[in-house]
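Printed here is data.cif (mmCIF, C-alpha atoms):
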data_start
#
loop_
_atom_site.group_PDB
_atom_site.id
_atom_site.type_symbol
_atom_site.label_atom_id
_atom_site.label_comp_id
_atom_site.auth_asym_id
_atom_site.auth_seq_id
_atom_site.Cartn_x
_atom_site.Cartn_y
_atom_site.Cartn_z
ATOM 1 C CA MET A 1 -8.235 -22.036 -22.155
ATOM 2 C CA SER A 2 -5.764 -19.243 -22.774
ATOM 3 C CA ASP A 3 -2.704 -18.850 -20.537
ATOM 4 C CA THR A 4 -3.155 -15.127 -20.086
ATOM 5 C CA VAL A 5 -5.896 -12.557 -20.170
ATOM 6 C CA PRO A 6 -5.875 -10.449 -23.367
ATOM 7 C CA ILE A 7 -4.572 -6.949 -22.644
ATOM 8 C CA GLU A 8 -5.377 -3.926 -24.774
ATOM 9 C CA HIS A 9 -2.599 -1.655 -23.446
ATOM 10 C CA PRO A 10 -4.581 0.277 -20.830
ATOM 11 C CA THR A 11 -3.084 3.570 -19.680
ATOM 12 C CA TRP A 12 -2.058 2.242 -16.268
ATOM 13 C CA LEU A 13 0.073 -0.425 -17.958
ATOM 14 C CA THR A 14 1.993 2.002 -20.139
ATOM 15 C CA SER A 15 2.417 4.449 -17.274
ATOM 16 C CA GLY A 16 3.717 1.743 -14.941
ATOM 17 C CA ASP A 17 1.355 2.729 -12.098
ATOM 18 C CA PHE A 18 -0.435 -0.481 -11.185
ATOM 19 C CA THR A 19 -2.520 1.336 -8.557
ATOM 20 C CA ALA A 20 -4.432 2.986 -11.408
ATOM 21 C CA ALA A 21 -5.733 -0.366 -12.683
ATOM 22 C CA ASP A 22 -9.483 -0.929 -12.355
ATOM 23 C CA GLU A 23 -9.662 -4.616 -13.416
ATOM 24 C CA PRO A 24 -7.594 -7.219 -11.505
ATOM 25 C CA LEU A 25 -7.399 -10.033 -14.063
ATOM 26 C CA GLN A 26 -5.827 -7.778 -16.671
ATOM 27 C CA LEU A 27 -3.416 -6.522 -14.035
ATOM 28 C CA PHE A 28 -2.559 -10.109 -13.061
ATOM 29 C CA ALA A 29 -1.889 -10.987 -16.702
ATOM 30 C CA ALA A 30 0.497 -8.050 -16.998
ATOM 31 C CA TRP A 31 2.348 -9.026 -13.827
ATOM 32 C CA LEU A 32 2.552 -12.672 -14.895
ATOM 33 C CA ARG A 33 4.011 -11.588 -18.219
ATOM 34 C CA ASP A 34 6.617 -9.506 -16.377
ATOM 35 C CA ALA A 35 7.437 -12.458 -14.103
ATOM 36 C CA THR A 36 7.793 -14.781 -17.087
ATOM 37 C CA GLY A 37 10.684 -12.619 -18.244
ATOM 38 C CA SER A 38 12.372 -12.223 -14.863
ATOM 39 C CA GLU A 39 11.818 -15.248 -12.611
ATOM 40 C CA PRO A 40 14.781 -17.659 -12.596
ATOM 41 C CA ARG A 41 12.552 -20.704 -12.009
ATOM 42 C CA ASP A 42 8.810 -21.075 -12.662
ATOM 43 C CA PRO A 43 6.690 -17.895 -12.617
ATOM 44 C CA THR A 44 3.499 -19.981 -12.553
ATOM 45 C CA ALA A 45 4.297 -21.515 -9.147
ATOM 46 C CA MET A 46 1.627 -20.639 -6.589
ATOM 47 C CA THR A 47 0.712 -21.571 -3.054
ATOM 48 C CA LEU A 48 -2.687 -23.272 -2.877
ATOM 49 C CA ALA A 49 -4.423 -23.121 0.522
ATOM 50 C CA THR A 50 -7.373 -25.352 1.430
ATOM 51 C CA VAL A 51 -9.117 -26.524 4.614
ATOM 52 C CA ASP A 52 -9.587 -30.144 5.675
ATOM 53 C CA LYS A 53 -12.696 -31.728 7.208
ATOM 54 C CA ASP A 54 -11.560 -30.698 10.703
ATOM 55 C CA GLY A 55 -11.075 -27.071 9.693
ATOM 56 C CA LEU A 56 -7.274 -27.331 9.715
ATOM 57 C CA PRO A 57 -5.650 -25.213 6.956
ATOM 58 C CA ASN A 58 -3.411 -26.906 4.414
ATOM 59 C CA ALA A 59 -1.027 -25.308 1.896
ATOM 60 C CA ARG A 60 1.249 -26.528 -0.866
ATOM 61 C CA MET A 61 2.859 -25.330 -4.105
ATOM 62 C CA VAL A 62 1.158 -26.126 -7.415
ATOM 63 C CA LEU A 63 1.528 -24.781 -10.956
ATOM 64 C CA LEU A 64 -0.920 -22.456 -12.665
ATOM 65 C CA LYS A 65 -1.933 -24.015 -15.992
ATOM 66 C CA GLY A 66 -4.456 -21.489 -17.243
ATOM 67 C CA VAL A 67 -5.984 -18.142 -16.359
ATOM 68 C CA ASP A 68 -8.696 -16.138 -18.076
ATOM 69 C CA GLU A 69 -11.756 -14.100 -17.160
ATOM 70 C CA HIS A 70 -13.260 -17.197 -15.498
ATOM 71 C CA GLY A 71 -10.443 -17.916 -13.070
ATOM 72 C CA PHE A 72 -7.209 -19.747 -12.252
ATOM 73 C CA VAL A 73 -6.764 -23.407 -13.240
ATOM 74 C CA PHE A 74 -4.467 -26.161 -12.001
ATOM 75 C CA TYR A 75 -4.572 -29.950 -12.437
ATOM 76 C CA THR A 76 -4.182 -32.813 -9.995
ATOM 77 C CA ASN A 77 -5.148 -36.338 -8.989
ATOM 78 C CA MET A 78 -8.660 -35.950 -7.584
ATOM 79 C CA ASP A 79 -7.957 -38.651 -4.988
ATOM 80 C CA SER A 80 -5.169 -36.517 -3.513
ATOM 81 C CA GLN A 81 -5.476 -34.645 -0.247
ATOM 82 C CA LYS A 82 -6.174 -31.356 -1.998
ATOM 83 C CA GLY A 83 -8.657 -33.042 -4.322
ATOM 84 C CA HIS A 84 -10.726 -34.349 -1.412
ATOM 85 C CA GLU A 85 -10.483 -31.067 0.478
ATOM 86 C CA LEU A 86 -11.649 -28.996 -2.476
ATOM 87 C CA ASP A 87 -14.512 -31.357 -3.252
ATOM 88 C CA GLU A 88 -15.673 -31.190 0.376
ATOM 89 C CA ARG A 89 -15.107 -27.448 0.817
ATOM 90 C CA PRO A 90 -14.967 -25.749 -2.593
ATOM 91 C CA LYS A 91 -13.194 -22.573 -1.528
ATOM 92 C CA ALA A 92 -9.486 -21.809 -1.767
ATOM 93 C CA ALA A 93 -6.768 -19.184 -1.629
ATOM 94 C CA LEU A 94 -3.735 -18.692 -3.878
ATOM 95 C CA VAL A 95 -0.511 -16.741 -3.389
ATOM 96 C CA PHE A 96 1.948 -15.804 -6.136
ATOM 97 C CA HIS A 97 5.289 -14.391 -4.968
ATOM 98 C CA TRP A 98 7.749 -13.131 -7.554
ATOM 99 C CA LYS A 99 10.955 -12.227 -5.700
ATOM 100 C CA SER A 100 12.639 -10.935 -8.847
ATOM 101 C CA LEU A 101 9.982 -8.209 -9.075
ATOM 102 C CA ASN A 102 9.249 -7.712 -5.352
ATOM 103 C CA ARG A 103 5.589 -8.435 -6.085
ATOM 104 C CA GLN A 104 2.909 -10.628 -4.580
ATOM 105 C CA VAL A 105 -0.664 -11.466 -5.587
ATOM 106 C CA ARG A 106 -3.237 -13.053 -3.277
ATOM 107 C CA VAL A 107 -6.420 -14.656 -4.623
ATOM 108 C CA ARG A 108 -9.448 -15.967 -2.698
ATOM 109 C CA GLY A 109 -12.609 -17.442 -4.126
ATOM 110 C CA ASN A 110 -14.879 -20.328 -4.935
ATOM 111 C CA VAL A 111 -13.739 -23.522 -6.631
ATOM 112 C CA GLU A 112 -15.227 -25.689 -9.372
ATOM 113 C CA ARG A 113 -13.971 -28.630 -11.420
ATOM 114 C CA VAL A 114 -12.978 -27.986 -15.012
ATOM 115 C CA THR A 115 -14.908 -29.790 -17.738
ATOM 116 C CA ASP A 116 -13.795 -33.175 -19.052
ATOM 117 C CA ALA A 117 -13.023 -31.515 -22.380
ATOM 118 C CA GLU A 118 -10.683 -29.018 -20.705
ATOM 119 C CA ALA A 119 -8.939 -31.767 -18.730
ATOM 120 C CA ASP A 120 -8.562 -33.957 -21.827
ATOM 121 C CA ALA A 121 -7.111 -31.071 -23.837
ATOM 122 C CA TYR A 122 -4.520 -30.199 -21.214
ATOM 123 C CA PHE A 123 -3.584 -33.821 -20.461
ATOM 124 C CA ALA A 124 -2.846 -34.349 -24.153
ATOM 125 C CA THR A 125 -0.182 -31.600 -24.011
ATOM 126 C CA ARG A 126 1.791 -33.233 -21.181
ATOM 127 C CA PRO A 127 4.991 -35.188 -21.922
ATOM 128 C CA LYS A 128 4.280 -38.900 -22.235
ATOM 129 C CA GLN A 129 6.337 -39.740 -19.155
ATOM 130 C CA ALA A 130 4.255 -37.289 -17.119
ATOM 131 C CA GLN A 131 1.073 -38.869 -18.495
ATOM 132 C CA ILE A 132 2.309 -42.303 -17.411
ATOM 133 C CA GLY A 133 3.227 -40.894 -14.011
ATOM 134 C CA ALA A 134 -0.354 -39.702 -13.567
ATOM 135 C CA TRP A 135 -1.504 -43.325 -13.921
ATOM 136 C CA ALA A 136 1.216 -44.736 -11.663
ATOM 137 C CA SER A 137 0.895 -42.299 -8.779
ATOM 138 C CA LYS A 138 -1.718 -42.763 -6.046
ATOM 139 C CA GLN A 139 -1.108 -39.190 -4.984
ATOM 140 C CA SER A 140 -1.073 -38.548 -1.203
ATOM 141 C CA ALA A 141 -1.523 -42.279 -0.383
ATOM 142 C CA PRO A 142 1.175 -44.063 1.684
ATOM 143 C CA LEU A 143 4.036 -45.432 -0.462
ATOM 144 C CA GLU A 144 5.887 -48.464 0.853
ATOM 145 C CA SER A 145 9.062 -47.784 -1.153
ATOM 146 C CA ARG A 146 10.453 -45.894 -4.133
ATOM 147 C CA LEU A 147 10.905 -49.243 -5.845
ATOM 148 C CA ALA A 148 7.148 -49.881 -5.680
ATOM 149 C CA PHE A 149 6.508 -46.563 -7.427
ATOM 150 C CA GLU A 150 9.107 -47.271 -10.115
ATOM 151 C CA LYS A 151 7.524 -50.687 -10.691
ATOM 152 C CA ALA A 152 4.104 -49.063 -11.199
ATOM 153 C CA ILE A 153 5.664 -46.615 -13.665
ATOM 154 C CA ALA A 154 7.233 -49.504 -15.601
ATOM 155 C CA ILE A 155 3.893 -51.349 -15.757
ATOM 156 C CA TYR A 156 2.036 -48.360 -17.214
ATOM 157 C CA ALA A 157 4.946 -47.493 -19.520
ATOM 158 C CA ALA A 158 4.641 -50.972 -21.020
ATOM 159 C CA LYS A 159 0.847 -50.755 -21.194
ATOM 160 C CA TYR A 160 0.933 -47.465 -23.090
ATOM 161 C CA ALA A 161 4.163 -48.028 -25.027
ATOM 162 C CA ILE A 162 2.308 -47.591 -28.313
ATOM 163 C CA GLY A 163 -0.255 -44.933 -29.104
ATOM 164 C CA THR A 164 -1.678 -42.128 -27.010
ATOM 165 C CA VAL A 165 -2.061 -42.253 -23.241
ATOM 166 C CA PRO A 166 -5.661 -41.643 -22.105
ATOM 167 C CA ARG A 167 -6.406 -39.353 -19.187
ATOM 168 C CA PRO A 168 -6.923 -41.259 -15.922
ATOM 169 C CA PRO A 169 -10.550 -40.969 -14.746
ATOM 170 C CA ASN A 170 -9.412 -39.560 -11.385
ATOM 171 C CA TRP A 171 -7.129 -36.908 -12.889
ATOM 172 C CA SER A 172 -8.615 -33.515 -13.707
ATOM 173 C CA GLY A 173 -8.449 -29.847 -12.803
ATOM 174 C CA PHE A 174 -9.901 -27.196 -10.528
ATOM 175 C CA ARG A 175 -10.738 -23.592 -11.300
ATOM 176 C CA ILE A 176 -10.512 -20.957 -8.557
ATOM 177 C CA ILE A 177 -13.066 -18.253 -9.362
ATOM 178 C CA PRO A 178 -11.713 -15.087 -7.743
ATOM 179 C CA LEU A 179 -13.858 -12.930 -5.481
ATOM 180 C CA ILE A 180 -10.956 -11.141 -3.781
ATOM 181 C CA MET A 181 -7.585 -10.271 -5.328
ATOM 182 C CA GLU A 182 -4.840 -8.286 -3.651
ATOM 183 C CA PHE A 183 -1.739 -6.869 -5.365
ATOM 184 C CA TRP A 184 1.324 -6.039 -3.261
ATOM 185 C CA HIS A 185 4.474 -4.259 -4.386
ATOM 186 C CA ASP A 186 7.554 -3.680 -2.281
ATOM 187 C CA ARG A 187 8.511 -0.086 -1.475
ATOM 188 C CA PRO A 188 11.474 1.235 0.563
ATOM 189 C CA PHE A 189 11.241 1.250 4.364
ATOM 190 C CA ARG A 190 8.308 -1.211 4.225
ATOM 191 C CA LEU A 191 5.985 1.507 2.912
ATOM 192 C CA HIS A 192 4.542 -0.942 0.402
ATOM 193 C CA ASP A 193 1.708 -0.466 -2.088
ATOM 194 C CA ARG A 194 -1.337 -2.733 -1.594
ATOM 195 C CA ILE A 195 -4.457 -2.684 -3.760
ATOM 196 C CA GLU A 196 -7.420 -4.972 -3.072
ATOM 197 C CA PHE A 197 -10.197 -5.812 -5.547
ATOM 198 C CA ARG A 198 -13.482 -7.368 -4.391
ATOM 199 C CA ARG A 199 -16.741 -8.500 -5.943
ATOM 200 C CA GLU A 200 -19.810 -10.133 -4.466
ATOM 201 C CA LEU A 201 -20.392 -12.731 -7.199
ATOM 202 C CA PRO A 202 -18.476 -14.193 -10.170
ATOM 203 C CA GLY A 203 -18.952 -11.909 -13.139
ATOM 204 C CA GLY A 204 -19.885 -9.025 -10.864
ATOM 205 C CA ARG A 205 -18.436 -5.545 -10.773
ATOM 206 C CA TRP A 206 -15.096 -5.134 -9.005
ATOM 207 C CA SER A 207 -14.550 -2.554 -6.274
ATOM 208 C CA LYS A 208 -11.032 -1.348 -5.451
ATOM 209 C CA THR A 209 -9.498 -0.281 -2.151
ATOM 210 C CA ARG A 210 -6.006 0.861 -1.271
ATOM 211 C CA LEU A 211 -4.779 -0.840 1.932
ATOM 212 C CA TYR A 212 -2.269 0.222 4.536
ATOM 213 C CA PRO A 213 0.974 -1.761 4.154
#
Conversion result in structure tokens:
Amino acid sequence: MSDTVPIEHPTWLTSGDFTAADEPLQLFAAWLRDATGSEPRDPTAMTLATVDKDGLPNARMVLLKGVDEHGFVFYTNMDSQKGHELDERPKAALVFHWKSLNRQVRVRGNVERVTDAEADAYFATRPKQAQIGAWASKQSAPLESRLAFEKAIAIYAAKYAIGTVPRPPNWSGFRIIPLIMEFWHDRPFRLHDRIEFRRELPGGRWSKTRLYP
């Protein structure tokens, strides 16, 4: 999976007027590229919002690991809180906020698991210590002490000291398939620009609406 959507220099990109864009994933790729050059920390950081079995919203920061015409991908332990919530209610929202650019992107849509091949390919690119950590961590489960976690890390480090580290069976990724995307840009006196894109189904035609700030 590519990290960005291919862009063929549309006129709105060269003119700098994002409100002229008619396709949100290309616009997102352009904004992510801008953020990559300006954000002091990680431009791929995003808020992931889910809902638990009682209907209570839940939000946390995760890292975007791939985006293309199919959607936005991140990886996690499937036994984690977010893993269970997304399996039970496969809908989610994302928020990207790039303070260096005074820009925000909101994404809402359906969720699906990535394929085993996609998960294997990404897991193989992770540093070995991170791969070992994926085996050692029972993400979201109670942890009796830091020492217990460090002991688990040492056990798996010894187990996989030689050779490649296989992907844990409960570690994979989710893809958020966008149905609604909103782009926000700061303007003086809170007279911001907001453009919303919507479609009824994945792969469908996008409609665009300018929103009051």
Emit as JSON the padded axis-aligned box for all listed atoms of region 49-67 of chain A, 6 Å per side, with centre and edge lengths in Å to one decimal.
{"center_x": -4.9, "center_y": -24.9, "center_z": -3.3, "size_x": 27.6, "size_y": 25.6, "size_z": 39.9}
Q | Counting only C-alpha atoms, the option among A:Ala30, A:Ala21, A:Ala158, A:Ile177 closest to Asn110 (chain A) | A | A:Ile177
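Atom pair CA of Pro168 (chain A) / CA of Pro127 (chain A): separated by 14.7 Å.
Reported to one decimal place, the separation of CA of Met61 (chain A) from CA of Pro202 (chain A) is 24.8 Å.
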Q. Do you know which residues are at most 10 Å from His70 (chain A) counting all atoms listed in the file, after dropping those on the same chain fewer than 4 positions away, and could you put them as a PyMOL selection string?
A. chain A and resi 1+5+25+66+175-178+202-203
Q.
Just want the 12 Å neighbourhood of Val111 (chain A), counted on all atoms listed in the file, with same-chain residues fewer than 5 positions away dropped. Output as a ChimeraX atom specification.
A. /A:48-50,70-74,82-83,85-94,173-179,202
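Proximity of A:Asp22, A:Lys128, A:Ser145, A:Leu191 to Gly163 (chain A), computed with all atoms listed in the file, is greatest for A:Lys128.
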Q) So what does the PyMOL selection byres ((chain A and resi 195) around 8) actually pick up in this one, as number ranges by chain? A) A: 19, 182-184, 193-194, 196-197, 208-211
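The nearest approach to Phe18 (chain A) among the residues A:Glu69, A:Ala141, A:His185, A:Ala148, with only C-alpha atoms taken into account, belongs to A:His185.
Interatomic distance, CA of Met181 (chain A) to CA of Met46 (chain A): 13.9 Å.
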Counting only C-alpha atoms, write as a PDB file with C-alpha atoms, in the coordinates of the input all protein and nucleic acid residues lying at most 12 Å from (3.7, -35.6, -11.2) in the file's frame.
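Done, and the output landed in part-v8.pdb:
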ATOM      1  CA  VAL A  62       1.158 -26.126  -7.415  1.00  0.00           C
ATOM      2  CA  LEU A  63       1.528 -24.781 -10.956  1.00  0.00           C
ATOM      3  CA  TYR A  75      -4.572 -29.950 -12.437  1.00  0.00           C
ATOM      4  CA  THR A  76      -4.182 -32.813  -9.995  1.00  0.00           C
ATOM      5  CA  ASN A  77      -5.148 -36.338  -8.989  1.00  0.00           C
ATOM      6  CA  SER A  80      -5.169 -36.517  -3.513  1.00  0.00           C
ATOM      7  CA  PHE A 123      -3.584 -33.821 -20.461  1.00  0.00           C
ATOM      8  CA  ARG A 126       1.791 -33.233 -21.181  1.00  0.00           C
ATOM      9  CA  PRO A 127       4.991 -35.188 -21.922  1.00  0.00           C
ATOM     10  CA  LYS A 128       4.280 -38.900 -22.235  1.00  0.00           C
ATOM     11  CA  GLN A 129       6.337 -39.740 -19.155  1.00  0.00           C
ATOM     12  CA  ALA A 130       4.255 -37.289 -17.119  1.00  0.00           C
ATOM     13  CA  GLN A 131       1.073 -38.869 -18.495  1.00  0.00           C
ATOM     14  CA  ILE A 132       2.309 -42.303 -17.411  1.00  0.00           C
ATOM     15  CA  GLY A 133       3.227 -40.894 -14.011  1.00  0.00           C
ATOM     16  CA  ALA A 134      -0.354 -39.702 -13.567  1.00  0.00           C
ATOM     17  CA  TRP A 135      -1.504 -43.325 -13.921  1.00  0.00           C
ATOM     18  CA  ALA A 136       1.216 -44.736 -11.663  1.00  0.00           C
ATOM     19  CA  SER A 137       0.895 -42.299  -8.779  1.00  0.00           C
ATOM     20  CA  LYS A 138      -1.718 -42.763  -6.046  1.00  0.00           C
ATOM     21  CA  GLN A 139      -1.108 -39.190  -4.984  1.00  0.00           C
ATOM     22  CA  SER A 140      -1.073 -38.548  -1.203  1.00  0.00           C
ATOM     23  CA  PHE A 149       6.508 -46.563  -7.427  1.00  0.00           C
ATOM     24  CA  ILE A 153       5.664 -46.615 -13.665  1.00  0.00           C
ATOM     25  CA  TRP A 171      -7.129 -36.908 -12.889  1.00  0.00           C
TER      26      TRP A 171
END
**Q.** Point (-8.8, -40.6, -22.5), cut-off 9 Å, counting all atoms listed in the file, residues as a PyMOL selection string
**A.** chain A and resi 120+123-124+164-169
Q: Find the residues around Arg33 (chain A) up to 9 Å (only C-alpha atoms counted), leave out those fewer than 4 positions away in its own chain, and share them as number ranges by chain.
A: A: 4, 28-29, 37, 43
Q: Point out the residue among A:Glu200, A:Asp52, A:Asp186, A:Glu112 with the least atom-to-atom distance to Ser100 (chain A), counting only C-alpha atoms.
A: A:Asp186
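Comparing A:Leu101, A:Arg60, A:Val114, A:Arg199 by their smallest distance to Thr36 (chain A), the closest is A:Leu101 (using only C-alpha atoms).
Minimum distance to Val105 (chain A) across A:Ala20, A:Val67, A:Ala117, A:Leu32 (counting all atoms listed in the file) occurs at A:Leu32.
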